[in-house]
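Raw contents of target_33.cif, mmCIF, C-alpha atoms:
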```
data_coords
#
loop_
_atom_site.label_atom_id
_atom_site.label_comp_id
_atom_site.auth_asym_id
_atom_site.auth_seq_id
_atom_site.Cartn_x
_atom_site.Cartn_y
_atom_site.Cartn_z
CA MET A 151 -6.73 20.75 -7.32
CA THR A 152 -5.86 20.84 -3.64
CA ALA A 153 -2.72 19.24 -2.32
CA TRP A 154 -4.34 17.07 0.35
CA PRO A 155 -5.06 14.00 -1.84
CA TRP A 156 -1.41 13.82 -2.85
CA LEU A 157 -0.26 14.29 0.72
CA ALA A 158 -2.66 11.53 1.75
CA LEU A 159 -1.31 9.22 -0.97
CA ALA A 160 2.25 9.90 0.24
CA GLY A 161 1.22 9.39 3.87
CA LEU A 162 -0.39 6.05 3.07
CA GLY A 163 2.73 5.08 1.16
CA ALA A 164 4.88 5.84 4.19
CA PHE A 165 2.44 3.91 6.38
CA HIS A 166 2.71 0.90 4.06
CA GLY A 167 6.49 1.21 4.10
CA LEU A 168 6.48 1.00 7.91
CA ASN A 169 4.77 -2.38 7.85
CA PRO A 170 7.31 -5.22 8.08
CA ALA A 171 4.97 -7.43 6.04
CA MET A 172 5.36 -5.10 3.06
CA GLY A 173 9.00 -5.97 2.55
CA TRP A 174 11.59 -4.12 4.62
CA LEU A 175 11.85 -7.05 7.04
CA PHE A 176 12.50 -9.36 4.09
CA ALA A 177 15.15 -6.94 2.77
CA VAL A 178 16.91 -6.87 6.14
CA ALA A 179 16.80 -10.68 6.37
CA LEU A 180 18.36 -10.98 2.91
CA GLY A 181 21.04 -8.48 3.87
CA LEU A 182 21.90 -10.35 7.06
CA GLN A 183 21.96 -13.66 5.20
CA ARG A 184 24.35 -12.30 2.58
CA GLY A 185 26.25 -10.00 4.93
CA SER A 186 25.73 -7.05 2.63
CA MET A 187 24.07 -3.65 2.91
CA ARG A 188 23.91 -3.67 -0.89
CA ALA A 189 21.61 -6.71 -0.74
CA VAL A 190 19.28 -4.77 1.57
CA LEU A 191 19.09 -1.77 -0.77
CA VAL A 192 18.85 -3.72 -4.02
CA SER A 193 16.03 -5.94 -2.72
CA LEU A 194 13.91 -2.89 -1.92
CA PHE A 195 13.42 -2.06 -5.61
CA PRO A 196 11.64 -5.27 -6.71
CA ILE A 197 9.64 -5.03 -3.48
CA ALA A 198 8.56 -1.51 -4.44
CA LEU A 199 7.82 -2.64 -8.00
CA GLY A 200 5.52 -5.45 -6.86
CA HIS A 201 3.78 -3.06 -4.48
CA ALA A 202 3.33 -0.49 -7.26
CA VAL A 203 1.77 -3.03 -9.62
CA SER A 204 -0.71 -4.09 -6.94
CA ILE A 205 -1.63 -0.45 -6.31
CA ALA A 206 -1.88 0.26 -10.04
CA VAL A 207 -4.46 -2.51 -10.47
CA VAL A 208 -6.70 -0.81 -7.90
CA VAL A 209 -6.13 2.65 -9.37
CA ALA A 210 -7.05 1.40 -12.85
CA GLY A 211 -10.15 -0.32 -11.48
CA VAL A 212 -11.30 2.84 -9.71
CA SER A 213 -10.76 4.92 -12.87
CA ILE A 214 -12.85 2.52 -14.93
CA LEU A 215 -15.66 2.34 -12.37
CA GLN A 216 -15.78 6.14 -12.02
CA ALA A 217 -16.66 6.35 -15.71
CA ILE A 218 -19.64 3.98 -15.47
CA ILE A 219 -20.97 4.26 -11.90
CA GLU A 220 -22.38 7.33 -10.12
CA LEU A 221 -19.82 8.67 -7.65
CA ARG A 222 -21.87 8.36 -4.47
CA ALA A 223 -22.86 4.78 -5.27
CA LEU A 224 -19.22 3.97 -5.98
CA GLN A 225 -18.14 5.54 -2.69
CA ARG A 226 -20.69 3.52 -0.73
CA GLY A 227 -19.67 0.32 -2.47
CA ALA A 228 -15.99 1.07 -1.80
CA ALA A 229 -16.76 1.76 1.88
CA LEU A 230 -18.49 -1.60 2.25
CA VAL A 231 -15.56 -3.35 0.53
CA LEU A 232 -13.07 -1.65 2.88
CA MET A 233 -14.99 -2.55 6.02
CA GLY A 234 -15.71 -6.08 4.80
CA PHE A 235 -12.09 -6.70 3.94
CA GLY A 236 -10.97 -5.30 7.29
CA VAL A 237 -13.33 -7.62 9.16
CA TYR A 238 -12.13 -10.54 7.04
CA ARG A 239 -8.51 -9.75 7.96
CA LEU A 240 -9.44 -9.74 11.64
CA ILE A 241 -10.89 -13.23 11.27
CA ALA A 242 -8.30 -14.78 8.97
CA ARG A 243 -4.80 -13.30 8.94
CA HIS A 244 -2.77 -13.73 5.73
CA ARG A 245 0.70 -15.20 6.02
CA GLY A 246 3.12 -15.16 3.11
CA ARG A 247 5.93 -17.70 2.85
CA VAL A 248 8.79 -17.62 0.44
CA GLY A 249 12.28 -19.02 0.34
CA MET A 250 15.25 -16.79 0.95
CA GLN A 251 16.96 -17.69 -2.34
CA VAL A 252 15.01 -15.36 -4.59
CA GLY A 253 15.73 -13.27 -7.65
CA PHE A 254 14.34 -9.93 -8.81
CA SER A 255 11.21 -11.36 -10.44
CA GLU A 256 10.41 -13.69 -7.53
CA LEU A 257 10.81 -10.87 -5.02
CA ALA A 258 8.59 -8.57 -7.10
CA LEU A 259 5.95 -11.29 -7.37
CA TRP A 260 6.11 -11.91 -3.61
CA SER A 261 5.66 -8.19 -2.95
CA PHE A 262 2.71 -8.00 -5.38
CA LEU A 263 0.98 -10.94 -3.66
CA MET A 264 1.62 -9.58 -0.17
CA ALA A 265 0.38 -6.08 -1.04
CA THR A 266 -2.70 -7.55 -2.70
CA ALA A 267 -3.41 -9.94 0.18
CA HIS A 268 -3.07 -7.11 2.70
CA GLY A 269 -5.41 -4.84 0.73
CA ALA A 270 -2.78 -2.13 0.23
CA GLY A 271 -4.56 -0.69 -2.80
CA LEU A 272 -7.94 -0.69 -1.05
CA MET A 273 -6.68 1.89 1.43
CA LEU A 274 -6.18 4.35 -1.42
CA ILE A 275 -9.79 4.17 -2.62
CA PRO A 276 -11.20 6.91 -0.34
CA VAL A 277 -8.45 9.27 -1.51
CA LEU A 278 -8.78 8.34 -5.19
CA LEU A 279 -12.53 8.95 -5.13
CA HIS A 280 -11.91 12.52 -3.93
CA VAL A 281 -9.34 13.44 -6.58
CA PRO A 282 -11.35 15.68 -8.93
CA VAL A 283 -11.14 15.16 -12.66
CA HIS A 284 -13.03 17.98 -14.38
CA VAL A 285 -12.22 17.00 -17.95
CA HIS A 286 -13.99 13.65 -18.12
CA HIS A 287 -13.46 13.20 -21.85
CA ALA A 288 -9.69 13.50 -21.51
CA ALA A 289 -8.80 9.86 -20.85
CA HIS A 290 -5.10 10.65 -21.09
CA LEU A 291 -5.47 13.11 -18.20
CA GLN A 292 -7.06 10.48 -15.97
CA ALA A 293 -4.35 7.99 -16.96
CA GLY A 294 -1.65 10.54 -16.16
CA MET A 295 -3.17 11.23 -12.75
CA GLY A 296 -3.34 7.51 -12.08
CA VAL A 297 0.33 7.07 -12.89
CA ALA A 298 1.18 10.07 -10.71
CA ALA A 299 -0.86 8.63 -7.81
CA VAL A 300 0.96 5.30 -8.03
CA GLY A 301 4.30 7.08 -8.32
CA VAL A 302 3.77 9.34 -5.30
CA HIS A 303 2.51 6.48 -3.16
CA THR A 304 5.29 4.07 -4.16
CA ALA A 305 8.05 6.66 -3.72
CA ALA A 306 6.88 7.35 -0.16
CA MET A 307 6.59 3.62 0.54
CA LEU A 308 10.11 2.98 -0.79
CA ALA A 309 11.58 5.87 1.20
CA ALA A 310 9.99 4.76 4.48
CA ALA A 311 10.88 1.10 3.98
CA GLY A 312 14.43 2.02 2.95
CA VAL A 313 15.08 4.17 6.01
CA ILE A 314 13.77 1.52 8.40
CA ALA A 315 15.65 -1.30 6.65
CA VAL A 316 18.96 0.58 6.86
CA VAL A 317 18.44 1.58 10.51
CA VAL A 318 17.46 -1.95 11.56
CA TYR A 319 20.31 -3.56 9.60
CA ARG A 320 22.98 -1.12 10.76
CA TRP A 321 22.06 -0.33 14.35
CA VAL A 322 18.87 -1.74 15.84
CA GLY A 323 18.87 -5.42 14.91
CA LEU A 324 15.95 -7.76 14.48
CA ALA A 325 15.76 -8.55 18.20
CA PHE A 326 13.98 -5.20 18.66
CA LEU A 327 10.94 -6.55 16.80
CA ARG A 328 10.28 -9.11 19.54
CA SER A 329 9.67 -6.49 22.21
CA GLY A 330 9.63 -2.97 20.83
CA TRP A 331 7.70 -3.07 17.54
CA ILE A 332 4.01 -2.21 17.46
CA ASN A 333 1.58 -4.54 15.68
CA VAL A 334 1.38 -2.56 12.43
CA ASP A 335 -0.61 -5.34 10.78
CA LEU A 336 -3.41 -5.02 13.34
CA LEU A 337 -3.25 -1.23 13.09
CA TRP A 338 -3.58 -1.57 9.32
CA THR A 339 -6.66 -3.78 9.66
CA ILE A 340 -8.30 -1.31 12.02
CA ALA A 341 -7.44 1.51 9.61
CA LEU A 342 -9.18 -0.35 6.76
CA ILE A 343 -12.39 -0.58 8.77
CA ALA A 344 -12.13 3.02 10.02
CA MET A 345 -11.49 4.46 6.56
CA GLY A 346 -14.44 2.50 5.18
CA ALA A 347 -16.68 3.81 7.95
CA VAL A 348 -15.56 7.41 7.38
CA LEU A 349 -16.15 7.09 3.64
CA LEU A 350 -19.61 5.59 4.20
CA ILE A 351 -20.60 8.34 6.65
CA SER A 352 -19.43 11.01 4.20
CA THR A 353 -21.85 9.66 1.57
CA LEU A 354 -24.80 9.96 3.95
CA SER A 355 -24.45 13.73 4.34
CA PRO A 356 -26.54 15.84 1.92
#
```

Please lay out the structure from this file as structure tokens.
Amino acid sequence: MTAWPWLALAGLGAFHGLNPAMGWLFAVALGLQRGSMRAVLVSLFPIALGHAVSIAVVVAGVSILQAIIELRALQRGAALVLMGFGVYRLIARHRGRVGMQVGFSELALWSFLMATAHGAGLMLIPVLLHVPVHVHHAAHLQAGMGVAAVGVHTAAMLAAAGVIAVVVYRWVGLAFLRSGWINVDLLWTIALIAMGAVLLISTLSP
């Protein structure tokens, strides 16, 4: 197996971690409210957990569909889902609201809902469909690869979100977001459509 799918999974994880909507902004806000760097760091773990569960649902779904649907048909269907979801996000933006007095379980649930609403797991589909599994009868091997995919992606997401949260809390401050932060949410939506288009084009080649 080549290394590129795993590097892509890690890269997407870091990309998700950069997005304020995926949790680091919430972690910083909690830290500022409580006046504690510890609150920033601790809150990142339930955020990562919720994100991981959302990703795992997609990974499990892809594994099941790969066993019953021909690969090219699955790739084309996934491409249409990606592009459709991206267009939907351009039309109707999701906004999550939650109170600031939250515990571990509430924060994990919030993260799960935000990751699901933003289609975080959908972005992994093109990569997952190109991870070769030669031993199709070894279900435990597929399950192990799925767990590894979720782990690599979530670790990269947690690392990226953690670095940004600490930097913003310690030195930059939230005022920077008003003028200096790019619209990662829009970039994400465009990436969904672009990845779907690339996946669809790849299925048209002989």

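With distances restricted to only C-alpha atoms, A:Val178 is the closest residue to A:Val322 from A:Ile197, A:Ala153, A:Ile275, A:Val178.
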
Using only C-alpha atoms, can you tell me which of A:Ala228, A:Trp154, A:His280, A:Tyr319 comes closest to A:Val208? A:Ala228

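For the pair atom CA of A:Ala258 and atom CA of A:Val300, the separation is 15.9 Å.
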
Run the PyMOL selection byres ((chain A and resi 312) around 10) mentally over the shown coordinates, then write out the matched residues as a list of chain:residue names, using the chain letters and numbers from the document. A:Gly167, A:Leu168, A:Gly173, A:Trp174, A:Ala177, A:Val178, A:Val190, A:Leu191, A:Ser193, A:Leu194, A:Phe195, A:Ala306, A:Met307, A:Leu308, A:Ala309, A:Ala310, A:Ala311, A:Val313, A:Ile314, A:Ala315, A:Val316, A:Val317, A:Val318

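Between atom CA of A:Ala347 and atom CA of A:Leu230 the separation is 8.1 Å.
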
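When the distance limit is 12 Å and only C-alpha atoms are what count, the residues near A:Leu157, minus those fewer than 4 positions from it on the same chain, are Thr152, Ala153, Gly161, Leu162, Gly163, Ala164, Leu274, Val277, Leu278, Val281, Ala299, Val302, His303 and Ala306 of chain A.
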
Contacts of stretch 213-216 of chain A at 10 Å or less, counting all atoms listed in the file, minus same-chain residues fewer than 3 places along, as a PyMOL selection string? chain A and resi 208-210+219-225+278-279+286+289+292-293+295-296

For the residues in the current selection, export C-alpha atoms as a PDB file, keeping the file's coordinate frame.
```
ATOM      1  CA  VAL A 208      -6.700  -0.810  -7.900  1.00  0.00           C
ATOM      2  CA  VAL A 209      -6.130   2.650  -9.370  1.00  0.00           C
ATOM      3  CA  ALA A 210      -7.050   1.400 -12.850  1.00  0.00           C
ATOM      4  CA  ILE A 219     -20.970   4.260 -11.900  1.00  0.00           C
ATOM      5  CA  GLU A 220     -22.380   7.330 -10.120  1.00  0.00           C
ATOM      6  CA  LEU A 221     -19.820   8.670  -7.650  1.00  0.00           C
ATOM      7  CA  ARG A 222     -21.870   8.360  -4.470  1.00  0.00           C
ATOM      8  CA  ALA A 223     -22.860   4.780  -5.270  1.00  0.00           C
ATOM      9  CA  LEU A 224     -19.220   3.970  -5.980  1.00  0.00           C
ATOM     10  CA  GLN A 225     -18.140   5.540  -2.690  1.00  0.00           C
ATOM     11  CA  LEU A 278      -8.780   8.340  -5.190  1.00  0.00           C
ATOM     12  CA  LEU A 279     -12.530   8.950  -5.130  1.00  0.00           C
ATOM     13  CA  HIS A 286     -13.990  13.650 -18.120  1.00  0.00           C
ATOM     14  CA  ALA A 289      -8.800   9.860 -20.850  1.00  0.00           C
ATOM     15  CA  GLN A 292      -7.060  10.480 -15.970  1.00  0.00           C
ATOM     16  CA  ALA A 293      -4.350   7.990 -16.960  1.00  0.00           C
ATOM     17  CA  MET A 295      -3.170  11.230 -12.750  1.00  0.00           C
ATOM     18  CA  GLY A 296      -3.340   7.510 -12.080  1.00  0.00           C
TER      19      GLY A 296
END
```

Between atom CA of A:Thr339 and atom CA of A:Ser261, measure the distance and give it in Å to one decimal. 18.2 Å

Generate N, CA and C atoms for stretch 163-175 of chain A and emit them as a PDB file, in the frame of the given file.
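rebuild34.pdb, freshly written:
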```pdb
ATOM      1  N   GLY A 163       1.542   5.778   1.633  1.00  0.00           N
ATOM      2  CA  GLY A 163       2.730   5.080   1.160  1.00  0.00           C
ATOM      3  C   GLY A 163       3.745   4.888   2.270  1.00  0.00           C
ATOM      4  N   ALA A 164       3.959   5.938   3.063  1.00  0.00           N
ATOM      5  CA  ALA A 164       4.880   5.840   4.190  1.00  0.00           C
ATOM      6  C   ALA A 164       4.361   4.835   5.221  1.00  0.00           C
ATOM      7  N   PHE A 165       3.053   4.847   5.448  1.00  0.00           N
ATOM      8  CA  PHE A 165       2.440   3.910   6.380  1.00  0.00           C
ATOM      9  C   PHE A 165       2.646   2.482   5.911  1.00  0.00           C
ATOM     10  N   HIS A 166       2.465   2.235   4.609  1.00  0.00           N
ATOM     11  CA  HIS A 166       2.710   0.900   4.060  1.00  0.00           C
ATOM     12  C   HIS A 166       4.185   0.518   4.201  1.00  0.00           C
ATOM     13  N   GLY A 167       5.066   1.485   3.984  1.00  0.00           N
ATOM     14  CA  GLY A 167       6.490   1.210   4.100  1.00  0.00           C
ATOM     15  C   GLY A 167       6.901   0.829   5.514  1.00  0.00           C
ATOM     16  N   LEU A 168       6.170   1.322   6.522  1.00  0.00           N
ATOM     17  CA  LEU A 168       6.480   1.000   7.910  1.00  0.00           C
ATOM     18  C   LEU A 168       6.149  -0.452   8.257  1.00  0.00           C
ATOM     19  N   ASN A 169       5.229  -1.042   7.537  1.00  0.00           N
ATOM     20  CA  ASN A 169       4.770  -2.380   7.850  1.00  0.00           C
ATOM     21  C   ASN A 169       5.825  -3.419   7.474  1.00  0.00           C
ATOM     22  N   PRO A 170       6.310  -4.207   8.424  1.00  0.00           N
ATOM     23  CA  PRO A 170       7.310  -5.220   8.080  1.00  0.00           C
ATOM     24  C   PRO A 170       6.840  -6.210   7.020  1.00  0.00           C
ATOM     25  N   ALA A 171       5.516  -6.472   7.003  1.00  0.00           N
ATOM     26  CA  ALA A 171       4.970  -7.430   6.040  1.00  0.00           C
ATOM     27  C   ALA A 171       5.056  -6.943   4.604  1.00  0.00           C
ATOM     28  N   MET A 172       5.277  -5.645   4.408  1.00  0.00           N
ATOM     29  CA  MET A 172       5.360  -5.100   3.060  1.00  0.00           C
ATOM     30  C   MET A 172       6.751  -5.182   2.456  1.00  0.00           C
ATOM     31  N   GLY A 173       7.737  -5.679   3.209  1.00  0.00           N
ATOM     32  CA  GLY A 173       9.000  -5.970   2.550  1.00  0.00           C
ATOM     33  C   GLY A 173      10.294  -5.576   3.224  1.00  0.00           C
ATOM     34  N   TRP A 174      10.294  -4.530   4.086  1.00  0.00           N
ATOM     35  CA  TRP A 174      11.590  -4.120   4.620  1.00  0.00           C
ATOM     36  C   TRP A 174      12.199  -5.197   5.511  1.00  0.00           C
ATOM     37  N   LEU A 175      11.336  -5.968   6.210  1.00  0.00           N
ATOM     38  CA  LEU A 175      11.850  -7.050   7.040  1.00  0.00           C
ATOM     39  C   LEU A 175      12.513  -8.121   6.182  1.00  0.00           C
TER      40      LEU A 175
END
```
